[in-house]
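Heads up, input.txt below (compact mmCIF, C-alpha atoms):
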# COMPACT_ATOMS: atom_id res chain seq x y z
CA MET A 1388 13.73 35.43 -20.16
CA ILE A 1389 11.07 37.45 -18.33
CA TYR A 1390 10.95 35.55 -15.03
CA SER A 1391 13.60 35.67 -12.31
CA TRP A 1392 13.41 33.57 -9.17
CA LYS A 1393 14.50 36.48 -6.99
CA LYS A 1394 11.60 38.59 -8.27
CA ILE A 1395 9.14 35.73 -7.70
CA VAL A 1396 10.40 35.39 -4.10
CA ARG A 1397 10.35 39.17 -3.52
CA ASN A 1398 6.76 39.43 -4.80
CA GLY A 1399 5.55 36.41 -2.84
CA LEU A 1400 7.21 36.97 0.51
CA PRO A 1401 5.15 39.84 2.04
CA LEU A 1402 1.71 38.41 1.19
CA LEU A 1403 2.72 34.88 2.23
CA THR A 1404 4.08 36.14 5.57
CA ILE A 1405 0.80 37.92 6.38
CA CYS A 1406 -1.12 34.83 5.29
CA ILE A 1407 1.02 32.61 7.56
CA LEU A 1408 0.57 34.90 10.58
CA ILE A 1409 -3.23 34.70 10.22
CA GLU A 1410 -3.12 30.92 9.62
CA VAL A 1411 -0.94 30.33 12.73
CA PHE A 1412 -3.57 32.23 14.71
CA GLY A 1413 -6.12 29.67 13.42
CA GLY A 1414 -3.69 26.92 14.42
CA GLN A 1415 -3.50 28.31 17.96
CA ILE A 1416 -7.31 28.11 18.21
CA LEU A 1417 -6.96 24.42 17.27
CA GLN A 1418 -4.29 23.92 19.94
CA ILE A 1419 -6.36 25.62 22.67
CA ASN A 1420 -9.25 23.25 21.84
CA GLN A 1421 -6.99 20.26 21.20
CA ASP A 1422 -8.53 18.09 23.97
CA LYS A 1423 -11.98 18.46 22.43
CA LEU A 1424 -10.66 17.61 18.94
CA LEU A 1425 -8.88 14.49 20.21
CA LEU A 1426 -12.08 13.40 21.95
CA PHE A 1427 -14.11 13.92 18.76
CA PRO A 1428 -11.78 13.00 15.84
CA ILE A 1429 -14.70 13.47 13.41
CA LEU A 1430 -14.42 17.22 14.07
CA LEU A 1431 -10.69 17.10 13.28
CA ILE A 1432 -11.52 15.37 9.97
CA SER A 1433 -14.04 18.13 9.20
CA VAL A 1434 -11.56 21.03 9.58
CA PRO A 1435 -9.91 20.72 6.11
CA VAL A 1436 -13.36 20.16 4.53
CA ILE A 1437 -14.90 23.28 6.10
CA ASN A 1438 -11.90 25.36 4.99
CA SER A 1439 -11.61 23.91 1.50
CA VAL A 1440 -15.30 24.43 0.65
CA GLY A 1441 -15.26 27.97 2.07
CA GLY A 1442 -12.13 28.91 0.13
CA ASN A 1443 -13.39 27.36 -3.12
CA ILE A 1444 -16.80 29.03 -3.04
CA GLY A 1445 -15.31 32.40 -2.05
CA SER A 1446 -12.82 32.12 -4.93
CA ILE A 1447 -15.53 31.15 -7.42
CA LEU A 1448 -17.69 34.11 -6.33
CA GLY A 1449 -14.63 36.38 -6.60
CA ALA A 1450 -13.83 35.14 -10.10
CA ARG A 1451 -17.45 35.63 -11.23
CA LEU A 1452 -17.54 39.15 -9.79
CA ALA A 1453 -14.17 39.95 -11.41
CA SER A 1454 -15.41 38.84 -14.83
CA GLY A 1455 -18.65 40.80 -14.33
CA LEU A 1456 -16.75 43.95 -13.35
CA HIS A 1457 -14.29 43.62 -16.25
CA LEU A 1458 -17.17 43.16 -18.72
CA GLY A 1459 -19.16 46.03 -17.21
CA GLU A 1460 -22.09 43.75 -16.32
CA ILE A 1461 -21.68 44.50 -12.63
CA GLU A 1462 -21.53 48.04 -11.27
CA LEU A 1463 -19.71 49.19 -8.16
CA THR A 1464 -22.77 49.57 -5.94
CA ILE A 1465 -24.26 47.49 -3.14
CA ASN A 1466 -27.62 47.74 -4.96
CA ASP A 1467 -26.35 45.99 -8.10
CA LYS A 1468 -28.87 43.23 -8.88
CA ASN A 1469 -26.31 41.05 -10.68
CA MET A 1470 -23.93 41.14 -7.72
CA GLN A 1471 -26.74 40.32 -5.29
CA LYS A 1472 -27.81 37.38 -7.45
CA ASN A 1473 -24.26 35.98 -7.46
CA PHE A 1474 -24.02 36.56 -3.70
CA PHE A 1475 -27.16 34.55 -2.95
CA ILE A 1476 -26.31 31.80 -5.43
CA SER A 1477 -22.98 31.26 -3.68
CA LEU A 1478 -24.76 31.04 -0.31
CA ILE A 1479 -27.11 28.36 -1.70
CA ILE A 1480 -24.28 26.39 -3.33
CA GLY A 1481 -22.32 26.60 -0.07
CA LEU A 1482 -25.16 25.29 2.06
CA LEU A 1483 -25.87 22.40 -0.33
CA THR A 1484 -22.17 21.45 -0.42
CA TYR A 1485 -21.82 21.54 3.37
CA LEU A 1486 -25.01 19.50 3.82
CA ILE A 1487 -23.92 16.80 1.34
CA LEU A 1488 -20.32 16.61 2.62
CA SER A 1489 -21.30 16.51 6.31
CA ILE A 1490 -23.51 13.47 5.67
CA ILE A 1491 -20.67 11.84 3.66
CA ILE A 1492 -18.13 12.53 6.45
CA TYR A 1493 -20.48 11.07 9.04
CA TYR A 1494 -20.95 7.81 7.16
CA ILE A 1495 -17.28 7.49 6.18
CA SER A 1496 -16.39 7.85 9.87
CA TYR A 1497 -19.18 5.47 10.84
CA PHE A 1498 -18.03 2.71 8.50
CA GLY A 1499 -14.34 3.54 9.10
CA ASN A 1500 -14.80 2.75 12.80
CA ILE A 1501 -13.69 6.22 13.86
CA LYS A 1502 -14.62 7.17 17.41
CA MET A 1503 -17.74 9.35 17.02
CA ASN A 1504 -19.32 10.29 20.38
CA VAL A 1505 -21.83 12.41 18.45
CA ASN A 1506 -25.09 11.60 16.63
CA ILE A 1507 -25.74 12.53 13.01
CA LEU A 1508 -28.23 15.30 13.83
CA SER A 1509 -25.80 17.13 16.12
CA PHE A 1510 -22.91 16.64 13.70
CA VAL A 1511 -24.79 17.87 10.62
CA SER A 1512 -26.14 20.83 12.65
CA ILE A 1513 -22.60 21.78 13.71
CA ILE A 1514 -21.17 21.63 10.16
CA LEU A 1515 -24.20 23.29 8.55
CA GLY A 1516 -24.25 26.05 11.18
CA THR A 1517 -20.52 26.64 10.73
CA GLY A 1518 -21.08 26.63 6.96
CA ILE A 1519 -23.90 29.23 7.13
CA LEU A 1520 -21.83 31.66 9.23
CA LEU A 1521 -18.72 31.08 7.12
CA MET A 1522 -20.52 31.44 3.76
CA VAL A 1523 -22.14 34.75 4.78
CA MET A 1524 -18.81 36.09 6.03
CA ILE A 1525 -16.79 34.85 3.03
CA SER A 1526 -19.33 36.12 0.50
CA ILE A 1527 -19.32 39.59 2.09
CA ILE A 1528 -15.50 39.67 2.12
CA SER A 1529 -15.42 38.42 -1.46
CA VAL A 1530 -17.72 41.22 -2.67
CA LEU A 1531 -15.88 43.88 -0.67
CA THR A 1532 -12.43 42.72 -1.84
CA ALA A 1533 -13.54 42.47 -5.48
CA PHE A 1534 -15.18 45.94 -5.42
CA LEU A 1535 -12.36 47.69 -3.54
CA SER A 1536 -9.68 46.07 -5.73
CA PHE A 1537 -11.50 47.05 -8.90
CA LYS A 1538 -11.97 50.61 -7.64
CA LYS A 1539 -8.24 50.88 -6.90
CA GLY A 1540 -7.34 49.55 -10.35
CA LEU A 1541 -6.17 46.15 -9.07
CA ASP A 1542 -7.33 42.95 -10.76
CA PRO A 1543 -9.81 41.18 -8.41
CA ASP A 1544 -8.61 37.89 -9.97
CA ASP A 1545 -5.29 38.36 -8.12
CA THR A 1546 -6.60 39.57 -4.78
CA VAL A 1547 -9.87 37.82 -3.87
CA ALA A 1548 -8.68 34.19 -3.75
CA PRO A 1549 -5.72 34.59 -1.33
CA ILE A 1550 -7.66 36.97 0.93
CA VAL A 1551 -10.86 34.88 1.23
CA THR A 1552 -8.99 31.58 1.68
CA THR A 1553 -6.77 32.98 4.45
CA ILE A 1554 -9.49 34.80 6.39
CA GLY A 1555 -11.90 31.91 5.69
CA ASP A 1556 -9.52 29.33 7.22
CA THR A 1557 -9.25 31.14 10.54
CA PHE A 1558 -12.94 32.01 10.80
CA GLY A 1559 -13.91 28.49 9.73
CA ILE A 1560 -12.06 27.14 12.78
CA LEU A 1561 -13.48 29.87 15.03
CA PHE A 1562 -17.09 29.27 13.89
CA LEU A 1563 -16.65 25.49 14.27
CA PHE A 1564 -15.88 25.84 17.98
CA LEU A 1565 -18.65 28.40 18.38
CA LEU A 1566 -21.16 25.91 16.93
CA ILE A 1567 -19.75 23.05 19.03
CA GLY A 1568 -20.53 25.23 22.06
CA VAL A 1569 -24.01 26.16 20.80
CA VAL A 1570 -25.08 22.62 19.82
CA GLY A 1571 -23.36 21.36 22.96
CA ILE A 1572 -21.54 18.06 22.59
CA MET B 1120 -26.71 32.60 -15.98
CA ARG B 1121 -29.51 30.64 -14.35
CA ILE B 1122 -28.99 29.19 -10.90
CA LYS B 1123 -29.60 25.64 -12.14
CA GLU B 1124 -26.76 25.95 -14.63
CA ILE B 1125 -24.34 27.34 -12.07
CA LEU B 1126 -25.25 24.53 -9.67
CA LYS B 1127 -24.74 21.90 -12.38
CA GLN B 1128 -21.31 23.30 -13.27
CA SER B 1129 -19.89 23.92 -9.82
CA LEU B 1130 -21.47 21.40 -7.43
CA PRO B 1131 -19.76 18.26 -8.84
CA LEU B 1132 -16.35 19.97 -8.74
CA LEU B 1133 -16.95 21.24 -5.18
CA ILE B 1134 -17.97 17.78 -3.98
CA THR B 1135 -14.90 16.25 -5.68
CA CYS B 1136 -12.62 18.80 -3.98
CA GLY B 1137 -14.53 18.00 -0.77
CA PHE B 1138 -13.55 14.34 -1.11
CA GLY B 1139 -9.91 15.40 -1.38
CA ALA B 1140 -10.35 17.41 1.81
CA ILE B 1141 -12.00 14.42 3.55
CA ILE B 1142 -8.92 12.29 2.73
CA ALA B 1143 -6.71 15.09 4.11
CA GLY B 1144 -8.98 15.24 7.17
CA ASN B 1145 -8.69 11.49 7.74
CA THR B 1146 -4.89 11.83 7.70
CA LEU B 1147 -5.35 14.51 10.35
CA GLY B 1148 -7.58 12.10 12.30
CA ALA B 1149 -4.84 9.47 12.15
CA MET B 1150 -2.40 11.94 13.74
CA VAL B 1151 -4.28 12.18 17.06
CA GLY B 1152 -1.48 10.36 18.92
CA LEU B 1153 1.20 12.59 17.37
CA PHE B 1154 -0.67 15.76 18.40
CA LYS B 1155 -0.64 14.48 21.99
CA ASP B 1156 3.11 13.68 21.88
CA ILE B 1157 4.37 16.75 19.98
CA PRO B 1158 3.13 20.06 21.43
CA GLY B 1159 2.73 22.79 18.83
CA LEU B 1160 2.32 20.35 15.92
CA ILE B 1161 -1.40 21.09 15.47
CA VAL B 1162 -0.61 24.83 15.25
CA VAL B 1163 1.31 24.51 11.96
CA ILE B 1164 -1.34 22.44 10.11
CA PRO B 1165 -3.55 25.25 8.68
CA ALA B 1166 -0.49 27.36 7.79
CA VAL B 1167 1.34 24.57 5.94
CA ILE B 1168 -1.79 23.60 3.96
CA ALA B 1169 -2.45 27.26 3.06
CA LEU B 1170 1.20 27.86 2.12
CA ARG B 1171 1.17 24.92 -0.28
CA GLY B 1172 -2.09 26.08 -1.84
CA ASN B 1173 -0.83 29.64 -2.30
CA ILE B 1174 2.59 28.75 -3.72
CA SER B 1175 1.45 26.06 -6.13
CA THR B 1176 -1.65 27.85 -7.43
CA ALA B 1177 0.49 30.97 -8.01
CA LEU B 1178 3.01 28.82 -9.92
CA GLY B 1179 0.17 27.23 -11.89
CA SER B 1180 -1.37 30.58 -12.83
CA ARG B 1181 2.05 32.11 -13.73
CA LEU B 1182 2.75 29.16 -16.04
CA GLY B 1183 -0.77 29.53 -17.44
CA SER B 1184 -0.05 33.17 -18.28
CA ALA B 1185 3.37 32.21 -19.71
CA TYR B 1186 1.54 29.79 -22.01
CA HIS B 1187 -0.91 32.47 -23.17
CA LEU B 1188 2.01 34.87 -23.76
CA GLY B 1189 3.77 32.23 -25.88
CA ILE B 1190 6.79 31.97 -23.54
CA ILE B 1191 6.36 28.22 -23.00
CA ASN B 1192 4.57 25.51 -24.96
CA ALA B 1193 4.59 21.72 -25.22
CA GLU B 1194 7.62 21.69 -27.60
CA ASN B 1195 9.55 24.34 -25.69
CA MET B 1196 8.90 23.50 -22.03
CA TRP B 1197 12.35 23.24 -20.49
CA ASN B 1198 13.65 26.79 -20.90
CA ASP B 1199 15.12 29.37 -18.50
CA ASP B 1200 11.73 30.92 -17.70
CA ILE B 1201 10.29 27.69 -16.36
CA LYS B 1202 13.51 26.99 -14.42
CA GLN B 1203 13.35 30.40 -12.72
CA ASN B 1204 9.72 29.70 -11.80
CA ILE B 1205 10.66 26.34 -10.27
CA ILE B 1206 13.58 27.79 -8.27
CA GLY B 1207 11.37 30.65 -7.02
CA SER B 1208 8.62 28.26 -5.85
CA LEU B 1209 11.03 25.89 -4.13
CA PHE B 1210 12.89 28.72 -2.40
CA LEU B 1211 9.55 30.09 -1.12
CA SER B 1212 8.50 26.60 0.05
CA PHE B 1213 11.64 26.08 2.16
CA SER B 1214 11.98 29.61 3.55
CA MET B 1215 8.28 30.08 4.38
CA SER B 1216 8.11 26.63 6.03
CA PHE B 1217 11.00 27.67 8.27
CA ILE B 1218 9.15 30.90 9.16
CA ILE B 1219 5.97 28.90 9.97
CA GLY B 1220 7.96 26.75 12.42
CA VAL B 1221 9.47 29.80 14.13
CA ILE B 1222 6.16 31.71 14.39
CA ALA B 1223 4.31 28.62 15.64
CA TYR B 1224 6.99 28.09 18.33
CA VAL B 1225 7.06 31.71 19.50
CA THR B 1226 3.25 32.16 19.58
CA SER B 1227 2.83 28.85 21.45
CA LEU B 1228 4.92 30.27 24.31
CA PHE B 1229 2.27 32.97 24.81
CA PHE B 1230 -0.33 30.24 25.34
CA ASN B 1231 1.80 28.41 27.90
CA VAL B 1232 2.68 25.60 25.51
CA GLN B 1233 6.37 24.62 25.32
CA PRO B 1234 7.16 22.95 21.99
CA ASN B 1235 10.65 21.63 21.21
CA PRO B 1236 11.72 24.35 18.73
CA LEU B 1237 14.22 22.18 16.81
CA LEU B 1238 11.74 19.31 16.42
CA LEU B 1239 8.88 21.58 15.35
CA ILE B 1240 10.96 23.52 12.80
CA LEU B 1241 12.52 20.31 11.38
CA ILE B 1242 9.09 18.71 10.92
CA VAL B 1243 7.69 21.77 9.12
CA VAL B 1244 10.72 22.43 6.89
CA VAL B 1245 11.01 18.79 5.78
CA ALA B 1246 7.23 18.45 5.26
CA GLY B 1247 6.93 21.83 3.49
CA GLY B 1248 10.05 21.23 1.37
CA ILE B 1249 9.16 17.71 0.26
CA SER B 1250 5.51 18.57 -0.47
CA GLY B 1251 6.86 21.60 -2.38
CA LEU B 1252 9.08 19.36 -4.50
CA ILE B 1253 6.23 16.90 -5.19
CA LEU B 1254 3.65 19.60 -5.99
CA THR B 1255 6.01 21.62 -8.19
CA SER B 1256 6.74 18.47 -10.22
CA LEU B 1257 3.02 17.70 -10.33
CA THR B 1258 2.26 21.25 -11.56
CA ILE B 1259 4.81 20.88 -14.37
CA ILE B 1260 3.36 17.48 -15.36
CA ILE B 1261 -0.23 18.82 -15.33
CA ILE B 1262 0.81 21.88 -17.36
CA TYR B 1263 2.61 19.66 -19.89
CA LEU B 1264 -0.41 17.36 -20.29
CA VAL B 1265 -2.77 20.33 -20.58
CA PHE B 1266 -0.55 21.89 -23.29
CA LYS B 1267 -0.45 18.65 -25.26
CA LYS B 1268 -4.24 18.34 -25.16
CA GLY B 1269 -4.60 22.01 -26.13
CA PHE B 1270 -6.75 22.91 -23.09
CA ASP B 1271 -6.58 26.25 -21.30
CA PRO B 1272 -4.33 25.66 -18.24
CA ASP B 1273 -6.22 28.36 -16.29
CA ASN B 1274 -9.31 26.11 -16.03
CA ILE B 1275 -7.50 22.95 -14.95
CA THR B 1276 -4.49 23.66 -12.73
CA GLY B 1277 -6.37 25.49 -9.91
CA PRO B 1278 -8.92 22.82 -8.92
CA ALA B 1279 -6.49 19.93 -9.64
CA LEU B 1280 -3.77 21.43 -7.42
CA ALA B 1281 -6.28 22.33 -4.69
CA THR B 1282 -7.47 18.72 -4.49
CA PHE B 1283 -4.11 16.92 -4.68
CA GLY B 1284 -2.27 19.63 -2.74
CA ASP B 1285 -4.16 19.15 0.55
CA ILE B 1286 -3.74 15.37 0.48
CA ILE B 1287 -0.02 15.37 -0.43
CA THR B 1288 0.75 18.08 2.13
CA MET B 1289 -1.05 16.25 4.94
CA ILE B 1290 0.70 12.96 4.14
CA CYS B 1291 4.08 14.77 4.16
CA ILE B 1292 3.40 16.36 7.58
CA PHE B 1293 2.21 13.01 8.93
CA GLN B 1294 5.33 11.15 7.75
CA SER B 1295 7.70 13.93 8.78
CA ALA B 1296 6.17 14.12 12.30
CA LEU B 1297 6.26 10.33 12.61
CA PHE B 1298 9.94 10.21 11.54
CA PHE B 1299 11.34 13.09 13.62
CA GLY B 1300 8.98 12.40 16.55
CA GLY B 1301 10.54 8.93 16.72
CA ILE B 1302 14.10 10.33 16.75
CA PHE B 1303 13.62 13.03 19.39

Could you write out this structure as structure tokens?
Amino acid sequence: MIYSWKKIVRNGLPLLTICILIEVFGGQILQINQDKLLLFPILLISVPVINSVGGNIGSILGARLASGLHLGEIELTINDKNMQKNFFISLIIGLLTYLILSIIIYYISYFGNIKMNVNILSFVSIILGTGILLMVMISIISVLTAFLSFKKGLDPDDTVAPIVTTIGDTFGILFLFLLIGVVGI
Amino acid sequence: MRIKEILKQSLPLLITCGFGAIIAGNTLGAMVGLFKDIPGLIVVIPAVIALRGNISTALGSRLGSAYHLGIINAENMWNDDIKQNIIGSLFLSFSMSFIIGVIAYVTSLFFNVQPNPLLLILIVVVAGGISGLILTSLTIIIIYLVFKKGFDPDNITGPALATFGDIITMICIFQSALFFGGIF
């Protein structure tokens, strides 16, 4: 037997506690803006989507960078062409995914008789704007985490995913309210 | 790899995961009344979803590694190693859910919101614990099926758990809040 439950708990506890503290901070931003969310339930529906897409794309980028670093195809420099290519591809994939999903959410809400109070142009602009800010931020964090981990001898496969999903969740919520203010609904 | 290829491989999976998140989001949309009635409830949502994702994907990837190391396989699934993994995941689910409830209560006080601490902690621990039980079982089932088919568990468990995890967790919070909100 190589696994022991006590060891699993001991290894998991510190990282999970930090993750929870950051996530509760995101939750407080939701609570402060609760009235707005209850007035526009379509925005509430979008929160898990914004966070899930951000986390997934950040994790995919992290995994691709990790493989590239392990294989020696990517070098630890900001000027690495391969890294830059992966960076921009993840931005493009992110934007496409946010665009497609925001249109889907709008029509699901429309046919599901959910109170909208917002037209499709404003809604897609809010989600796409949030997505652009979030993708840029997540991609930068993903590259930095992967590079720093690799430099320190840690496996980026273990570090990038939990870090980008946690930071991405909180900033996703923050950027959403920023964009709601900018687009003005 | 060319950009077209990467798009073709990842976009369908991302959109599928997005649909899972839309279902989770709709559950959130159905909870509007509960958020009004139970102060502090909305605070725990991102933390509980993230906790579930972190615990079950870690379990999935540990079991994936155990498979590659030859510690477990389809014929020899139910051994001490897998039991220790299950106990560890469940213990983390219950204890971390409790901590989420406490932190959400304490931080709410700073923002002039007064949640009922007992109600909030009960909702989170029951929702986190039950979704932990369901997702741990689901992970074991997925791992077993993947072994039998001879696939690499590392490619399957992550996306599958991410998609089902959000939905199951949201439904558990919804039901738990509905149940305890009605009692208190």

Q | Among the residues B:Pro1272, B:Gly1183, B:Gly1247, B:Pro1278, the one that comes closest to chain A [using all atoms listed in the file] | A |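 Residue with the minimum atom-to-atom distance to chain A: B:Pro1278.
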
Q: Could you please determine the separation between CA of Ile1560 in chain A and CA of Gly1179 in chain B in Å, to one decimal place?
A: 27.5 Å

Proximity of chain A to chain B: per-residue shortest pair, 7 Å limit, only C-alpha atoms, as JSON lines:
{"residue": "A:Met1388", "atom": "CA", "partner": "B:Asp1200", "partner_atom": "CA", "distance": 5.5}
{"residue": "A:Ile1389", "atom": "CA", "partner": "B:Asp1200", "partner_atom": "CA", "distance": 6.6}
{"residue": "A:Tyr1390", "atom": "CA", "partner": "B:Asp1200", "partner_atom": "CA", "distance": 5.4}
{"residue": "A:Ser1391", "atom": "CA", "partner": "B:Gln1203", "partner_atom": "CA", "distance": 5.3}
{"residue": "A:Trp1392", "atom": "CA", "partner": "B:Gly1207", "partner_atom": "CA", "distance": 4.2}
{"residue": "A:Lys1393", "atom": "CA", "partner": "B:Gly1207", "partner_atom": "CA", "distance": 6.6}
{"residue": "A:Ile1395", "atom": "CA", "partner": "B:Gly1207", "partner_atom": "CA", "distance": 5.6}
{"residue": "A:Val1396", "atom": "CA", "partner": "B:Gly1207", "partner_atom": "CA", "distance": 5.7}
{"residue": "A:Ile1407", "atom": "CA", "partner": "B:Ala1166", "partner_atom": "CA", "distance": 5.5}
{"residue": "A:Glu1410", "atom": "CA", "partner": "B:Ala1166", "partner_atom": "CA", "distance": 4.8}
{"residue": "A:Val1411", "atom": "CA", "partner": "B:Ala1166", "partner_atom": "CA", "distance": 5.8}
{"residue": "A:Gly1413", "atom": "CA", "partner": "B:Pro1165", "partner_atom": "CA", "distance": 7.0}
{"residue": "A:Gly1414", "atom": "CA", "partner": "B:Val1162", "partner_atom": "CA", "distance": 3.8}
{"residue": "A:Gln1415", "atom": "CA", "partner": "B:Val1162", "partner_atom": "CA", "distance": 5.3}
{"residue": "A:Leu1417", "atom": "CA", "partner": "B:Val1162", "partner_atom": "CA", "distance": 6.7}
{"residue": "A:Gln1418", "atom": "CA", "partner": "B:Ile1161", "partner_atom": "CA", "distance": 6.0}
{"residue": "A:Leu1425", "atom": "CA", "partner": "B:Val1151", "partner_atom": "CA", "distance": 6.0}
{"residue": "A:Pro1428", "atom": "CA", "partner": "B:Gly1148", "partner_atom": "CA", "distance": 5.6}
{"residue": "A:Leu1431", "atom": "CA", "partner": "B:Gly1148", "partner_atom": "CA", "distance": 6.0}
{"residue": "A:Ile1432", "atom": "CA", "partner": "B:Gly1144", "partner_atom": "CA", "distance": 3.8}
{"residue": "A:Ser1433", "atom": "CA", "partner": "B:Gly1144", "partner_atom": "CA", "distance": 6.2}
{"residue": "A:Val1434", "atom": "CA", "partner": "B:Gly1144", "partner_atom": "CA", "distance": 6.8}
{"residue": "A:Pro1435", "atom": "CA", "partner": "B:Ala1140", "partner_atom": "CA", "distance": 5.4}
{"residue": "A:Val1436", "atom": "CA", "partner": "B:Ala1140", "partner_atom": "CA", "distance": 4.9}
{"residue": "A:Ser1439", "atom": "CA", "partner": "B:Ala1140", "partner_atom": "CA", "distance": 6.6}
{"residue": "A:Val1440", "atom": "CA", "partner": "B:Gly1137", "partner_atom": "CA", "distance": 6.6}
{"residue": "A:Ile1476", "atom": "CA", "partner": "B:Ile1122", "partner_atom": "CA", "distance": 6.6}
{"residue": "A:Ile1480", "atom": "CA", "partner": "B:Leu1126", "partner_atom": "CA", "distance": 6.7}
{"residue": "A:Thr1484", "atom": "CA", "partner": "B:Ile1134", "partner_atom": "CA", "distance": 6.6}
{"residue": "A:Leu1488", "atom": "CA", "partner": "B:Gly1137", "partner_atom": "CA", "distance": 6.9}

Q: State, in Å with one decimal place, the distance from CA of Leu1228 in chain B to CA of Asn1420 in chain A.
A: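 A separation of 16.0 Å between them.
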
Q. What does the distance between CA of Ile1490 in chain A and CA of Ile1513 in chain A come to in Å, to one decimal place?
A.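 These atoms are spaced 11.6 Å apart.
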
Q) From the list B:Phe1213, B:Val1243, B:Leu1280, B:Gly1269, which residue is nearest Leu1400 in chain A when using all atoms listed in the file? A)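 Residue with the minimum atom-to-atom distance to Leu1400 in chain A: B:Phe1213.
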
Q: Give me the residues within 9 Å of Ala1296 in chain B as number ranges by chain, counting all atoms listed in the file and dropping any in the same chain fewer than 3 places off.
A: B: 1150, 1153, 1157, 1160, 1238-1239, 1241-1243, 1246, 1291-1293, 1299-1301

Q: Excluding Phe1510 in chain A and any residue of its chain fewer than 6 positions from it, enumerate the residues within 9 Å of it, using only C-alpha atoms, and give them as an MDAnalysis selection string.
A: chainID A and resid 1429:1430 1489:1490 1493 1567 1570

Q: Select, from B:Phe1229, B:Phe1217, B:Tyr1186, B:Phe1298, the residue with the minimum atom-to-atom distance to Phe1266 in chain B, counting only C-alpha atoms.
A: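 Selected residue with least distance to Phe1266 in chain B: B:Tyr1186.
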
Taking the structure I provided as the source, export range 1260-1275 of chain B with N, CA and C atoms, as a PDB file, in the first residue's frame.
ATOM      1  N   ILE B1260     -16.413   4.836 -10.808  1.00  0.00           N
ATOM      2  CA  ILE B1260     -17.115   4.186 -11.922  1.00  0.00           C
ATOM      3  C   ILE B1260     -16.432   4.527 -13.250  1.00  0.00           C
ATOM      4  N   ILE B1261     -16.120   5.841 -13.439  1.00  0.00           N
ATOM      5  CA  ILE B1261     -15.461   6.258 -14.690  1.00  0.00           C
ATOM      6  C   ILE B1261     -14.114   5.544 -14.836  1.00  0.00           C
ATOM      7  N   ILE B1262     -13.339   5.522 -13.741  1.00  0.00           N
ATOM      8  CA  ILE B1262     -12.027   4.864 -13.781  1.00  0.00           C
ATOM      9  C   ILE B1262     -12.176   3.382 -14.153  1.00  0.00           C
ATOM     10  N   TYR B1263     -13.169   2.717 -13.544  1.00  0.00           N
ATOM     11  CA  TYR B1263     -13.392   1.298 -13.822  1.00  0.00           C
ATOM     12  C   TYR B1263     -13.713   1.078 -15.299  1.00  0.00           C
ATOM     13  N   LEU B1264     -14.643   1.908 -15.837  1.00  0.00           N
ATOM     14  CA  LEU B1264     -15.027   1.771 -17.244  1.00  0.00           C
ATOM     15  C   LEU B1264     -13.847   2.044 -18.168  1.00  0.00           C
ATOM     16  N   VAL B1265     -13.050   3.073 -17.823  1.00  0.00           N
ATOM     17  CA  VAL B1265     -11.893   3.426 -18.634  1.00  0.00           C
ATOM     18  C   VAL B1265     -10.871   2.282 -18.644  1.00  0.00           C
ATOM     19  N   PHE B1266     -10.655   1.657 -17.458  1.00  0.00           N
ATOM     20  CA  PHE B1266      -9.741   0.508 -17.372  1.00  0.00           C
ATOM     21  C   PHE B1266     -10.207  -0.607 -18.284  1.00  0.00           C
ATOM     22  N   LYS B1267     -11.508  -0.918 -18.192  1.00  0.00           N
ATOM     23  CA  LYS B1267     -12.056  -2.050 -18.951  1.00  0.00           C
ATOM     24  C   LYS B1267     -11.890  -1.855 -20.442  1.00  0.00           C
ATOM     25  N   LYS B1268     -12.060  -0.573 -20.884  1.00  0.00           N
ATOM     26  CA  LYS B1268     -11.929  -0.268 -22.307  1.00  0.00           C
ATOM     27  C   LYS B1268     -10.459  -0.164 -22.712  1.00  0.00           C
ATOM     28  N   GLY B1269      -9.556  -0.070 -21.724  1.00  0.00           N
ATOM     29  CA  GLY B1269      -8.137   0.056 -22.031  1.00  0.00           C
ATOM     30  C   GLY B1269      -7.712   1.450 -22.448  1.00  0.00           C
ATOM     31  N   PHE B1270      -8.532   2.488 -22.125  1.00  0.00           N
ATOM     32  CA  PHE B1270      -8.136   3.867 -22.435  1.00  0.00           C
ATOM     33  C   PHE B1270      -7.187   4.382 -21.363  1.00  0.00           C
ATOM     34  N   ASP B1271      -6.528   5.509 -21.673  1.00  0.00           N
ATOM     35  CA  ASP B1271      -5.693   6.173 -20.670  1.00  0.00           C
ATOM     36  C   ASP B1271      -6.587   7.064 -19.804  1.00  0.00           C
ATOM     37  N   PRO B1272      -6.700   6.758 -18.483  1.00  0.00           N
ATOM     38  CA  PRO B1272      -7.606   7.539 -17.627  1.00  0.00           C
ATOM     39  C   PRO B1272      -7.263   9.026 -17.600  1.00  0.00           C
ATOM     40  N   ASP B1273      -5.970   9.381 -17.821  1.00  0.00           N
ATOM     41  CA  ASP B1273      -5.568  10.786 -17.767  1.00  0.00           C
ATOM     42  C   ASP B1273      -6.307  11.654 -18.784  1.00  0.00           C
ATOM     43  N   ASN B1274      -6.716  11.059 -19.927  1.00  0.00           N
ATOM     44  CA  ASN B1274      -7.383  11.855 -20.963  1.00  0.00           C
ATOM     45  C   ASN B1274      -8.878  11.998 -20.736  1.00  0.00           C
ATOM     46  N   ILE B1275      -9.458  11.140 -19.903  1.00  0.00           N
ATOM     47  CA  ILE B1275     -10.913  11.083 -19.791  1.00  0.00           C
ATOM     48  C   ILE B1275     -11.423  11.711 -18.496  1.00  0.00           C
TER      49      ILE B1275
END
